[in-house]
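One file, my_file19.txt, is given below (compact mmCIF, C-alpha atoms (C1' of nucleotides)).
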# COMPACT_ATOMS: atom_id res chain seq x y z
CA MET A 1 198.18 90.43 62.42
CA SER A 2 200.99 88.91 64.45
CA SER A 3 203.36 89.25 61.48
CA ASP A 4 202.85 93.00 61.28
CA ASN A 5 205.73 95.34 61.38
CA PRO A 6 205.79 96.25 65.06
CA THR A 7 206.75 99.84 64.58
CA THR A 8 203.63 100.85 62.63
CA ARG A 9 201.35 98.87 64.89
CA THR A 10 202.98 100.44 67.90
CA ARG A 11 202.72 103.89 66.40
CA ILE A 12 198.99 103.36 65.97
CA LEU A 13 198.59 102.19 69.55
CA ASP A 14 200.64 105.06 70.93
CA ALA A 15 198.71 107.55 68.83
CA THR A 16 195.42 106.12 70.07
CA TRP A 17 196.63 106.24 73.64
CA THR A 18 197.79 109.84 73.61
CA LEU A 19 194.80 111.10 71.64
CA LEU A 20 192.37 109.46 74.05
CA GLU A 21 194.32 110.72 77.02
CA THR A 22 194.35 114.31 75.86
CA GLY A 23 191.48 114.79 73.47
CA GLY A 24 188.35 113.48 75.09
CA SER A 25 186.63 110.37 73.73
CA LYS A 26 185.41 111.65 70.36
CA VAL A 27 188.56 110.42 68.63
CA ARG A 28 187.93 109.22 65.07
CA MET A 29 189.83 106.62 63.11
CA SER A 30 191.02 109.39 60.79
CA ASP A 31 192.42 111.33 63.77
CA ILE A 32 194.35 108.29 64.89
CA ALA A 33 195.67 107.64 61.39
CA LYS A 34 196.81 111.22 61.01
CA ALA A 35 198.54 111.16 64.39
CA ALA A 36 200.27 107.90 63.45
CA GLY A 37 201.34 109.36 60.12
CA ILE A 38 199.53 106.81 57.95
CA SER A 39 196.33 106.65 55.92
CA ARG A 40 193.00 105.84 57.52
CA GLN A 41 192.74 102.56 55.62
CA ALA A 42 196.16 101.43 56.88
CA VAL A 43 194.77 101.37 60.42
CA TYR A 44 192.32 98.71 59.25
CA LEU A 45 195.25 96.61 58.03
CA HIS A 46 196.27 96.26 61.68
CA PHE A 47 192.98 96.40 63.59
CA PRO A 48 189.67 95.20 62.18
CA SER A 49 187.51 97.73 64.02
CA ARG A 50 187.62 100.71 66.28
CA ALA A 51 186.52 98.55 69.20
CA GLU A 52 189.36 96.09 68.70
CA LEU A 53 191.82 98.92 68.42
CA LEU A 54 190.67 100.28 71.75
CA VAL A 55 190.89 96.87 73.38
CA ALA A 56 194.39 96.38 72.00
CA THR A 57 195.28 99.81 73.33
CA THR A 58 194.30 98.85 76.87
CA ARG A 59 196.55 95.80 76.60
CA HIS A 60 199.28 97.99 75.19
CA ILE A 61 199.02 100.31 78.17
CA ASP A 62 198.89 97.43 80.61
CA ALA A 63 202.13 96.07 79.18
CA ALA A 64 203.80 99.48 79.15
CA LYS A 65 202.86 100.17 82.76
CA ASP A 66 203.45 96.64 83.99
CA ILE A 67 200.10 96.49 85.70
CA ASP A 68 200.24 92.86 86.74
CA ALA A 69 203.37 93.41 88.78
CA ARG A 70 201.77 96.32 90.60
CA LEU A 71 198.58 94.50 91.45
CA ALA A 72 200.64 91.50 92.59
CA GLY A 73 202.15 93.76 95.25
CA SER A 74 198.87 93.83 97.13
CA ARG A 75 198.93 90.06 97.47
CA SER A 76 201.95 90.10 99.74
CA ALA A 77 200.19 92.00 102.51
CA THR A 78 200.20 90.28 105.89
CA SER A 79 196.75 91.23 107.20
CA GLY A 80 193.37 91.47 105.49
CA PRO A 81 192.91 95.17 106.16
CA GLU A 82 196.40 95.90 104.92
CA ARG A 83 195.73 93.94 101.79
CA LEU A 84 192.57 95.98 101.26
CA ALA A 85 194.56 99.17 101.62
CA ARG A 86 197.20 98.06 99.16
CA PHE A 87 194.66 96.89 96.64
CA ILE A 88 192.85 100.21 96.74
CA ASP A 89 196.17 101.97 96.23
CA ALA A 90 197.13 99.78 93.30
CA TRP A 91 193.79 99.99 91.53
CA GLY A 92 193.25 103.63 92.34
CA THR A 93 196.59 104.41 90.74
CA TYR A 94 195.78 102.27 87.73
CA ILE A 95 192.48 103.96 86.91
CA PRO A 96 193.87 107.32 85.78
CA GLU A 97 196.32 105.54 83.50
CA ILE A 98 193.64 103.80 81.47
CA HIS A 99 191.04 106.47 81.96
CA GLY A 100 191.16 107.80 78.41
CA VAL A 101 190.65 104.44 76.79
CA GLY A 102 188.16 103.45 79.44
CA ARG A 103 186.01 106.45 78.65
CA ALA A 104 186.01 105.66 74.94
CA LEU A 105 185.21 102.03 75.60
CA MET A 106 182.36 102.93 77.93
CA ALA A 107 180.97 105.36 75.39
CA MET A 108 180.79 102.56 72.83
CA GLN A 109 179.14 100.10 75.16
CA ASP A 110 175.62 100.45 73.86
CA SER A 111 176.45 100.41 70.18
CA ASP A 112 179.17 97.79 70.05
CA GLU A 113 178.92 94.36 71.60
CA GLU A 114 182.65 93.80 71.43
CA ALA A 115 183.39 97.01 73.28
CA ARG A 116 180.83 96.00 75.86
CA LYS A 117 182.54 92.69 76.45
CA ALA A 118 185.96 94.30 76.59
CA TRP A 119 184.90 96.72 79.28
CA ALA A 120 182.97 94.04 81.11
CA GLY A 121 186.18 92.01 81.17
CA ARG A 122 187.99 94.90 82.79
CA MET A 123 185.24 95.24 85.37
CA GLU A 124 185.35 91.53 86.03
CA ALA A 125 189.10 91.68 86.65
CA LEU A 126 188.46 94.45 89.14
CA ARG A 127 185.76 92.38 90.80
CA GLN A 128 188.10 89.46 91.23
CA GLY A 129 190.67 91.69 92.84
CA CYS A 130 187.97 92.97 95.17
CA ALA A 131 186.90 89.41 95.96
CA ALA A 132 190.46 88.45 96.84
CA ALA A 133 190.88 91.45 99.10
CA VAL A 134 187.59 90.72 100.84
CA ALA A 135 188.54 87.06 101.21
CA ALA A 136 191.70 88.13 103.02
CA ILE A 137 189.61 90.24 105.37
CA VAL A 138 187.30 87.30 106.01
CA ALA A 139 190.28 85.04 106.69
CA ASP A 140 191.35 87.54 109.32
CA GLY A 141 187.89 87.53 110.84
CA ALA A 142 187.86 91.26 110.24
CA LEU A 143 184.77 91.57 108.05
CA ARG A 144 181.84 93.38 109.60
CA PRO A 145 179.51 90.59 110.76
CA GLU A 146 176.44 92.12 109.11
CA LEU A 147 178.01 91.63 105.69
CA THR A 148 178.27 88.56 103.54
CA GLU A 149 181.44 88.06 101.56
CA SER A 150 179.72 88.61 98.24
CA ARG A 151 177.92 91.72 99.46
CA ALA A 152 181.19 93.16 100.67
CA THR A 153 182.83 92.35 97.34
CA ASP A 154 180.11 94.14 95.41
CA THR A 155 180.35 97.15 97.67
CA LEU A 156 184.07 97.49 97.18
CA TRP A 157 183.62 96.89 93.47
CA MET A 158 181.17 99.76 93.27
CA LEU A 159 183.36 102.12 95.28
CA LEU A 160 186.37 101.53 93.05
CA SER A 161 184.54 101.87 89.73
CA ALA A 162 186.18 104.13 87.16
CA ARG A 163 183.11 106.35 87.06
CA ASN A 164 183.51 107.21 90.72
CA TRP A 165 187.14 108.11 90.18
CA GLU A 166 186.13 110.24 87.22
CA GLN A 167 183.38 111.99 89.11
CA LEU A 168 185.51 112.91 92.10
CA THR A 169 188.71 113.88 90.31
CA GLN A 170 187.36 115.33 87.06
CA GLU A 171 184.05 116.83 88.11
CA ALA A 172 184.48 117.55 91.80
CA GLY A 173 188.11 118.57 91.37
CA TRP A 174 189.65 116.25 93.94
CA SER A 175 193.33 115.48 93.76
CA GLN A 176 194.44 111.91 93.24
CA ALA A 177 195.66 111.85 96.85
CA ASP A 178 192.26 113.06 98.07
CA TYR A 179 190.61 110.33 96.09
CA LEU A 180 192.82 107.58 97.43
CA ALA A 181 192.49 108.75 101.01
CA ALA A 182 188.70 108.94 100.77
CA MET A 183 188.40 105.50 99.22
CA GLN A 184 190.62 103.99 101.90
CA ASP A 185 188.49 105.63 104.52
CA ILE A 186 185.11 104.71 103.10
CA ALA A 187 186.11 101.13 102.34
CA ARG A 188 187.56 100.55 105.80
CA ARG A 189 184.56 102.00 107.56
CA SER A 190 182.13 100.08 105.38
CA LEU A 191 183.82 96.69 105.41
CA ILE A 192 186.07 96.26 108.43
CA ALA A 193 184.61 95.34 111.80
CA ASP A 194 185.11 97.77 114.66
CA ILE A 195 188.01 96.83 116.81
CA MET B 1 156.17 124.43 70.58
CA SER B 2 153.95 125.52 73.44
CA SER B 3 150.99 125.66 71.07
CA ASP B 4 151.30 121.98 70.11
CA ASN B 5 148.45 119.63 70.50
CA PRO B 6 149.23 118.05 73.86
CA THR B 7 148.02 114.59 72.99
CA THR B 8 150.54 113.95 70.20
CA ARG B 9 153.35 115.54 72.13
CA THR B 10 152.44 113.46 75.13
CA ARG B 11 152.24 110.32 73.03
CA ILE B 12 155.79 110.96 71.85
CA LEU B 13 157.04 111.51 75.37
CA ASP B 14 155.29 108.42 76.67
CA ALA B 15 156.62 106.34 73.78
CA THR B 16 160.14 107.58 74.45
CA TRP B 17 159.78 106.83 78.12
CA THR B 18 158.56 103.27 77.76
CA LEU B 19 160.98 102.42 74.95
CA LEU B 20 163.94 103.63 76.95
CA GLU B 21 162.70 101.87 80.03
CA THR B 22 162.30 98.53 78.32
CA GLY B 23 164.52 98.53 75.26
CA GLY B 24 167.99 99.58 76.32
CA SER B 25 169.42 102.90 75.14
CA LYS B 26 169.77 102.28 71.42
CA VAL B 27 166.35 103.70 70.71
CA ARG B 28 166.16 105.51 67.38
CA MET B 29 163.94 108.39 66.40
CA SER B 30 162.14 106.06 64.00
CA ASP B 31 161.44 103.60 66.83
CA ILE B 32 159.91 106.37 68.87
CA ALA B 33 157.82 107.58 65.94
CA LYS B 34 156.52 104.11 65.26
CA ALA B 35 155.65 103.56 68.91
CA ALA B 36 153.83 106.89 68.98
CA GLY B 37 151.95 106.01 65.79
CA ILE B 38 153.26 108.92 63.71
CA SER B 39 155.91 109.50 61.07
CA ARG B 40 159.53 110.07 61.96
CA GLN B 41 159.40 113.64 60.64
CA ALA B 42 156.43 114.47 62.83
CA VAL B 43 158.62 113.93 65.87
CA TYR B 44 160.78 116.79 64.64
CA LEU B 45 157.73 119.01 64.53
CA HIS B 46 157.59 118.72 68.30
CA PHE B 47 161.23 118.30 69.32
CA PRO B 48 164.14 119.79 67.39
CA SER B 49 166.61 117.03 68.20
CA ARG B 50 166.97 113.69 69.90
CA ALA B 51 168.78 115.33 72.79
CA GLU B 52 165.97 117.80 73.42
CA LEU B 53 163.43 115.02 73.24
CA LEU B 54 165.30 113.12 75.94
CA VAL B 55 165.55 116.19 78.10
CA ALA B 56 161.84 116.84 77.70
CA THR B 57 161.19 113.22 78.60
CA THR B 58 162.99 113.58 81.93
CA ARG B 59 160.83 116.59 82.72
CA HIS B 60 157.78 114.65 81.62
CA ILE B 61 158.68 111.84 84.01
CA ASP B 62 159.43 114.26 86.81
CA ALA B 63 156.00 115.78 86.43
CA ALA B 64 154.27 112.41 86.19
CA LYS B 65 155.99 111.10 89.30
CA ASP B 66 155.80 114.35 91.23
CA ILE B 67 159.45 114.27 92.10
CA ASP B 68 159.60 117.65 93.79
CA ALA B 69 157.03 116.67 96.34
CA ARG B 70 158.90 113.51 97.20
CA LEU B 71 162.25 115.23 97.63
CA ALA B 72 160.56 117.89 99.72
CA GLY B 73 159.66 115.20 102.20
CA SER B 74 163.28 114.86 103.21
CA ARG B 75 163.38 118.50 104.21
CA SER B 76 160.96 118.01 107.07
CA ALA B 77 163.29 115.70 109.00
CA THR B 78 164.08 116.80 112.52
CA SER B 79 167.71 115.71 112.81
CA GLY B 80 170.60 115.84 110.35
CA PRO B 81 171.13 112.09 110.24
CA GLU B 82 167.43 111.52 109.73
CA ARG B 83 167.40 114.01 106.92
CA LEU B 84 170.31 112.15 105.33
CA ALA B 85 168.39 108.90 105.56
CA ARG B 86 165.26 110.37 104.03
CA PHE B 87 167.19 112.02 101.24
CA ILE B 88 168.89 108.77 100.34
CA ASP B 89 165.53 107.04 100.32
CA ALA B 90 163.95 109.68 98.11
CA TRP B 91 166.78 109.87 95.62
CA GLY B 92 167.42 106.15 95.62
CA THR B 93 163.79 105.59 94.74
CA TYR B 94 163.93 108.26 92.05
CA ILE B 95 166.92 106.79 90.19
CA PRO B 96 165.22 103.66 88.85
CA GLU B 97 162.37 105.76 87.54
CA ILE B 98 164.56 107.90 85.30
CA HIS B 99 167.13 105.24 84.70
CA GLY B 100 166.18 104.54 81.08
CA VAL B 101 166.36 108.15 80.01
CA GLY B 102 169.43 108.69 82.14
CA ARG B 103 171.27 105.91 80.37
CA ALA B 104 170.44 107.33 76.96
CA LEU B 105 171.46 110.81 78.02
CA MET B 106 174.74 109.56 79.45
CA ALA B 107 175.45 107.63 76.26
CA MET B 108 175.08 110.84 74.23
CA GLN B 109 177.28 112.90 76.51
CA ASP B 110 180.40 112.83 74.37
CA SER B 111 178.73 113.47 71.04
CA ASP B 112 176.14 116.05 72.02
CA GLU B 113 176.85 119.15 74.03
CA GLU B 114 173.20 119.67 74.85
CA ALA B 115 172.81 116.18 76.25
CA ARG B 116 175.93 116.74 78.30
CA LYS B 117 174.50 119.88 79.81
CA ALA B 118 171.15 118.24 80.47
CA TRP B 119 172.71 115.40 82.40
CA ALA B 120 175.09 117.76 84.16
CA GLY B 121 172.02 119.69 85.31
CA ARG B 122 170.55 116.53 86.78
CA MET B 123 173.78 115.77 88.56
CA GLU B 124 173.91 119.33 89.86
CA ALA B 125 170.43 118.99 91.28
CA LEU B 126 171.54 115.84 93.06
CA ARG B 127 174.60 117.66 94.37
CA GLN B 128 172.48 120.41 95.81
CA GLY B 129 170.30 117.88 97.56
CA CYS B 130 173.43 116.26 98.96
CA ALA B 131 174.73 119.65 100.07
CA ALA B 132 171.48 120.38 101.89
CA ALA B 133 171.55 117.01 103.65
CA VAL B 134 175.16 117.50 104.68
CA ALA B 135 174.39 121.03 105.89
CA ALA B 136 171.71 119.59 108.15
CA ILE B 137 174.25 117.16 109.57
CA VAL B 138 176.70 119.98 110.16
CA ALA B 139 174.02 122.01 111.90
CA ASP B 140 173.54 119.07 114.23
CA GLY B 141 177.25 118.90 114.89
CA ALA B 142 177.06 115.32 113.65
CA LEU B 143 179.54 115.48 110.79
CA ARG B 144 182.73 113.51 111.28
CA PRO B 145 185.31 116.08 112.34
CA GLU B 146 187.88 114.92 109.78
CA LEU B 147 185.56 115.97 106.94
CA THR B 148 184.87 119.37 105.49
CA GLU B 149 181.35 120.14 104.41
CA SER B 150 182.25 120.19 100.74
CA ARG B 151 184.21 116.98 100.96
CA ALA B 152 181.29 115.26 102.61
CA THR B 153 178.93 116.59 99.95
CA ASP B 154 181.10 115.23 97.16
CA THR B 155 181.34 111.87 98.87
CA LEU B 156 177.59 111.55 99.19
CA TRP B 157 177.17 112.80 95.63
CA MET B 158 179.46 110.05 94.38
CA LEU B 159 177.75 107.34 96.40
CA LEU B 160 174.32 108.26 95.07
CA SER B 161 175.33 108.51 91.41
CA ALA B 162 173.10 106.72 88.94
CA ARG B 163 176.03 104.60 87.74
CA ASN B 164 176.45 103.11 91.18
CA TRP B 165 172.78 102.25 91.36
CA GLU B 166 173.03 100.68 87.93
CA GLN B 167 176.10 98.68 88.80
CA LEU B 168 174.70 97.24 91.99
CA THR B 169 171.16 96.52 90.86
CA GLN B 170 171.68 95.69 87.18
CA GLU B 171 175.11 94.08 87.14
CA ALA B 172 175.55 92.74 90.65
CA GLY B 173 171.90 91.72 90.91
CA TRP B 174 171.03 93.52 94.13
CA SER B 175 167.41 94.25 94.94
CA GLN B 176 166.29 97.82 95.33
CA ALA B 177 165.95 97.23 99.09
CA ASP B 178 169.50 95.89 99.25
CA TYR B 179 170.72 98.95 97.44
CA LEU B 180 168.92 101.38 99.71
CA ALA B 181 170.06 99.62 102.86
CA ALA B 182 173.68 99.54 101.73
CA MET B 183 173.67 103.20 100.76
CA GLN B 184 172.18 104.18 104.09
CA ASP B 185 174.82 102.16 105.85
CA ILE B 186 177.81 103.39 103.85
CA ALA B 187 176.72 107.02 103.96
CA ARG B 188 176.11 106.95 107.69
CA ARG B 189 179.42 105.30 108.44
CA SER B 190 181.31 107.61 106.13
CA LEU B 191 179.75 110.91 107.13
CA ILE B 192 178.28 110.78 110.61
CA ALA B 193 180.49 111.10 113.68
CA ASP B 194 180.58 108.17 116.08
CA ILE B 195 178.26 108.63 118.97
C1' DC C 1 130.12 127.77 51.08
C1' DG C 2 134.97 128.98 50.19
C1' DG C 3 139.55 129.84 51.73
C1' DG C 4 143.01 129.32 54.95
C1' DT C 5 145.43 127.26 58.66
C1' DC C 6 147.14 123.39 61.23
C1' DA C 7 149.03 118.88 62.10
C1' DC C 8 150.80 115.48 59.91
C1' DT C 9 152.62 112.53 55.74
C1' DT C 10 155.71 111.43 52.00
C1' DT C 11 159.69 111.71 49.55
C1' DA C 12 164.18 113.22 48.89
C1' DC C 13 168.47 114.64 50.28
C1' DA C 14 172.81 116.34 53.11
C1' DT C 15 176.02 114.85 56.55
C1' DC C 16 179.23 112.14 59.21
C1' DA C 17 181.63 108.27 60.90
C1' DT C 18 182.54 103.33 60.28
C1' DG C 19 183.88 99.84 57.53
C1' DT C 20 184.65 97.38 52.72
C1' DC C 21 186.71 96.88 48.20
C1' DA C 22 189.91 97.10 44.54
C1' DA C 23 193.63 98.89 42.00
C1' DG C 24 198.09 101.12 42.30
C1' DT C 25 203.01 102.14 44.16
C1' DG C 26 207.61 101.55 45.83
C1' DA C 27 210.97 99.05 48.37
C1' DT C 28 212.89 94.84 49.41
C1' DA C 29 213.97 89.95 48.89
C1' DA C 30 214.27 85.50 46.32
C1' DT D 1 213.43 90.01 37.20
C1' DT D 2 209.74 88.97 39.49
C1' DA D 3 207.00 88.50 43.54
C1' DT D 4 205.63 89.98 47.88
C1' DC D 5 204.69 93.17 51.48
C1' DA D 6 203.11 97.39 53.63
C1' DC D 7 200.92 101.03 52.57
C1' DT D 8 198.20 104.61 49.53
C1' DT D 9 194.35 106.28 46.89
C1' DG D 10 189.80 106.66 45.70
C1' DA D 11 185.26 104.89 45.51
C1' DC D 12 181.43 103.04 47.72
C1' DA D 13 177.90 100.85 51.23
C1' DT D 14 175.60 101.53 55.59
C1' DG D 15 172.95 103.63 59.24
C1' DA D 16 171.60 107.22 62.00
C1' DT D 17 170.43 112.26 62.52
C1' DG D 18 168.56 116.18 60.74
C1' DT D 19 166.73 119.45 56.80
C1' DA D 20 163.63 120.69 53.10
C1' DA D 21 159.57 120.91 50.37
C1' DA D 22 155.32 119.57 48.48
C1' DG D 23 150.99 117.21 49.43
C1' DT D 24 146.66 115.82 52.23
C1' DG D 25 142.70 116.04 55.11
C1' DA D 26 140.14 118.14 58.82
C1' DC D 27 138.50 121.94 60.96
C1' DC D 28 137.39 126.87 61.63
C1' DC D 29 136.16 131.56 60.34
C1' DG D 30 134.00 134.88 57.71
For the structure just supplied, provide its representation as structure tokens.
Amino acid sequence: MSSDNPTTRTRILDATWTLLETGGSKVRMSDIAKAAGISRQAVYLHFPSRAELLVATTRHIDAAKDIDARLAGSRSATSGPERLARFIDAWGTYIPEIHGVGRALMAMQDSDEEARKAWAGRMEALRQGCAAAVAAIVADGALRPELTESRATDTLWMLLSARNWEQLTQEAGWSQADYLAAMQDIARRSLIADI
Amino acid sequence: MSSDNPTTRTRILDATWTLLETGGSKVRMSDIAKAAGISRQAVYLHFPSRAELLVATTRHIDAAKDIDARLAGSRSATSGPERLARFIDAWGTYIPEIHGVGRALMAMQDSDEEARKAWAGRMEALRQGCAAAVAAIVADGALRPELTESRATDTLWMLLSARNWEQLTQEAGWSQADYLAAMQDIARRSLIADI
DNA sequence: CGGGTCACTTTACATCATGTCAAGTGATAA
DNA sequence: TTATCACTTGACATGATGTAAAGTGACCCG
């Protein structure tokens, strides 16, 4: 698969990306093939299954958007609370960019073990980011004393889940700015000790 | 359908309920039929589609658990904040009871319009409960002044979503008591004005 | 007692998406 | 010239939902 002609592989990934972004999550392999301008079978020459194609698409998007660099930005914050704020900004901005693929991957969770693991990996990455942000708060002595570190991590992890973003922005009609502001507010009030 | 023999219909609903509760969400019509002790086709004599069977199962559970009565309890609270607390308790206790069916219904959302509407109806009911709780807070003058009533309603609606319950109790391993306590805490801090 | 209805069974089939298989094609490179 | 590579074409297996039709046994009504 690594010796594939990059242009066709890339065309498939881009087609998958845009279809999932615009067309809901009921995108079929034949739709993707048509959008990429190749036959349905040719897609299977590059990706062994729909699940693996979706996983590869998330990586494709990550690379295109340079996600790592953006998340790294939150690590340079000076205080725990500031780090929390920057992490929420970084992740909250990331979510809409992978939302299409995320939806499709979540929809496959029950039927496909590989899709389940792929999405679980994404969630685990989020959890580790949350843990790091909470650790910075703890180091500052700024965590609310009633909370343990792991409890605080789980709470933040829940708040920042893609479903919550989806519910507020897609179903409740909030703007992205509304969403970010509310998350900042809720997270600070729930995790940071009163001054 | 209203002239059906109740015992078979009820056996189907009970079978669906317990299978979904115990066996994940990949429950097939044939599984349900076998558990109910009838043929797969007989299920279709009572329910026209899998989606309608799931919807009927939620109503079946609601009736068995007397949900309305329990939610009504929150309406008798004297203060807004107390009403909020009681509503969170009532709903938070309800979620685990319909969780199995909810999962299956959510999994069908993209493929089946009827399932989508059924789950949307559930979410709308939750939203109305949230709106009523927030209205009671407003009437008390206890809502944080930075928030509008609708913004507060959406926030509570997001916090109490079934996905969040699932994430904390199933994936993060929280106990039901942990979940309820955390939700009470987060909701109060996010919505109620400082005293 | 006879005929009909009702609930359910059995068997067969249509559909739809995923994924597999095998033979064919056309360009390019050794 | 031949071999390989990327892709096409067409056929088929699978697995679930849902439809259709004929058959069976019990029970009720006249």
What are the nearest atom pairs, with distances in Å to one decimal, for all residues of segment 17-81 of chain A that come at most 12 Å from segment 120-132 of chain A, using all atoms listed in the file, set out by chain and rising residue number as a Markdown table?
| residue | atom | partner | partner_atom | distance |
| --- | --- | --- | --- | --- |
| A:Val55 | CA | A:Arg122 | CA | 10.0 |
| A:Thr58 | CA | A:Arg122 | CA | 9.5 |
| A:Arg59 | CA | A:Arg122 | CA | 10.6 |
| A:Asp62 | CA | A:Arg122 | CA | 11.4 |
| A:Asp68 | CA | A:Ala125 | CA | 11.2 |
| A:Leu71 | CA | A:Gly129 | CA | 8.5 |
| A:Ala72 | CA | A:Gly129 | CA | 10.0 |
| A:Gly73 | CA | A:Gly129 | CA | 11.9 |
| A:Ser74 | CA | A:Gly129 | CA | 9.5 |
| A:Arg75 | CA | A:Ala132 | CA | 8.6 |
| A:Ser76 | CA | A:Ala132 | CA | 12.0 |
| A:Ala77 | CA | A:Ala132 | CA | 11.8 |
| A:Gly80 | CA | A:Ala132 | CA | 9.6 |
| A:Pro81 | CA | A:Ala132 | CA | 11.7 |
Suppose we keep C-alpha atoms; can you now write the selection as a PDB file, keeping the file's coordinate frame?
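Result written to selection_27.pdb:
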ATOM      1  CA  VAL A  55     190.890  96.870  73.380  1.00  0.00           C
ATOM      2  CA  THR A  58     194.300  98.850  76.870  1.00  0.00           C
ATOM      3  CA  ARG A  59     196.550  95.800  76.600  1.00  0.00           C
ATOM      4  CA  ASP A  62     198.890  97.430  80.610  1.00  0.00           C
ATOM      5  CA  ASP A  68     200.240  92.860  86.740  1.00  0.00           C
ATOM      6  CA  LEU A  71     198.580  94.500  91.450  1.00  0.00           C
ATOM      7  CA  ALA A  72     200.640  91.500  92.590  1.00  0.00           C
ATOM      8  CA  GLY A  73     202.150  93.760  95.250  1.00  0.00           C
ATOM      9  CA  SER A  74     198.870  93.830  97.130  1.00  0.00           C
ATOM     10  CA  ARG A  75     198.930  90.060  97.470  1.00  0.00           C
ATOM     11  CA  SER A  76     201.950  90.100  99.740  1.00  0.00           C
ATOM     12  CA  ALA A  77     200.190  92.000 102.510  1.00  0.00           C
ATOM     13  CA  GLY A  80     193.370  91.470 105.490  1.00  0.00           C
ATOM     14  CA  PRO A  81     192.910  95.170 106.160  1.00  0.00           C
TER      15      PRO A  81
END
Selection: 7 Å around Ala187 of chain A, only C-alpha atoms (C1' of nucleotides), excl. self and same-chain fewer than 4 positions, as JSON, numbers by chain: {"A": [156, 183, 191]}
Proximity of chain B to chain D: per-residue shortest pair, 10 Å limit, only C-alpha atoms (C1' of nucleotides), as JSON lines:
{"residue": "B:Arg28", "atom": "CA", "partner": "D:DA16", "partner_atom": "C1'", "distance": 7.8}
{"residue": "B:Met29", "atom": "CA", "partner": "D:DT17", "partner_atom": "C1'", "distance": 8.5}
{"residue": "B:Ser30", "atom": "CA", "partner": "D:DA16", "partner_atom": "C1'", "distance": 9.7}
{"residue": "B:Gln41", "atom": "CA", "partner": "D:DG18", "partner_atom": "C1'", "distance": 9.5}
{"residue": "B:Tyr44", "atom": "CA", "partner": "D:DG18", "partner_atom": "C1'", "distance": 8.7}
{"residue": "B:Pro48", "atom": "CA", "partner": "D:DG18", "partner_atom": "C1'", "distance": 8.8}
{"residue": "B:Ser49", "atom": "CA", "partner": "D:DG18", "partner_atom": "C1'", "distance": 7.8}
{"residue": "B:Arg50", "atom": "CA", "partner": "D:DT17", "partner_atom": "C1'", "distance": 8.3}
So that I have them on file, write out the residues from the current selection with C-alpha atoms, as a PDB file, keeping the file's coordinate frame.
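The resulting file, out_15.pdb, is shown below:
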ATOM      1  CA  ARG B  28     166.160 105.510  67.380  1.00  0.00           C
ATOM      2  CA  MET B  29     163.940 108.390  66.400  1.00  0.00           C
ATOM      3  CA  SER B  30     162.140 106.060  64.000  1.00  0.00           C
ATOM      4  CA  GLN B  41     159.400 113.640  60.640  1.00  0.00           C
ATOM      5  CA  TYR B  44     160.780 116.790  64.640  1.00  0.00           C
ATOM      6  CA  PRO B  48     164.140 119.790  67.390  1.00  0.00           C
ATOM      7  CA  SER B  49     166.610 117.030  68.200  1.00  0.00           C
ATOM      8  CA  ARG B  50     166.970 113.690  69.900  1.00  0.00           C
TER       9      ARG B  50
END
Skipping near chain neighbours, those fewer than 3 positions away, what residues fall within 8 Å of segment 11-17 of chain A using all atoms listed in the file, listed as an MDAnalysis selection string? chainID A and resid 7:8 20:21 32:33 35:36 43 53:54 56:57 60:61 100:101
Which residues of chain B are close to chain C, meaning at most 10 Å apart when you count all atoms listed in the file, and how do they look as a short mmCIF file (atom, residue, chain, number, x, y, z; two decimals) with C-alpha atoms, in the coordinates of the input?
data_model
loop_
_atom_site.label_atom_id
_atom_site.label_comp_id
_atom_site.auth_asym_id
_atom_site.auth_seq_id
_atom_site.Cartn_x
_atom_site.Cartn_y
_atom_site.Cartn_z
CA ASP B 4 151.30 121.98 70.11
CA ASN B 5 148.45 119.63 70.50
CA THR B 8 150.54 113.95 70.20
CA ILE B 38 153.26 108.92 63.71
CA SER B 39 155.91 109.50 61.07
CA ARG B 40 159.53 110.07 61.96
CA GLN B 41 159.40 113.64 60.64
CA ALA B 42 156.43 114.47 62.83
CA VAL B 43 158.62 113.93 65.87
CA LEU B 45 157.73 119.01 64.53
#
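For the residues A:Glu52, A:Glu146, A:Asp110, A:Asp66, ranking by smallest atom-to-atom distance to chain B using all atoms listed in the file places A:Asp110 first.
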Could you write out as a VMD selection string the residues of chain B within 10 Å of chain A, counting all atoms listed in the file? chain B and resid 24 to 26 103 to 104 106 to 111 120 147 150 to 155 157 to 159 161 163 to 168 171 to 174 178 to 179 182 to 183 185 to 191
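Comparing B:His46, B:His99, B:Lys34, B:Arg83 by their smallest distance to Gln170 of chain B, the closest is B:His99 (using only C-alpha atoms).
Relative to atom CA of Asp194 of chain B, atom CA of Leu84 of chain B is found at 15.4 Å.
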So the first atom is atom CA of Ile95 of chain B and the second is atom CA of Ala162 of chain B; what is the distance between them in Å, to one decimal place? 6.3 Å
Between atom CA of Leu180 of chain B and atom CA of Asp89 of chain B lies a distance of 6.6 Å
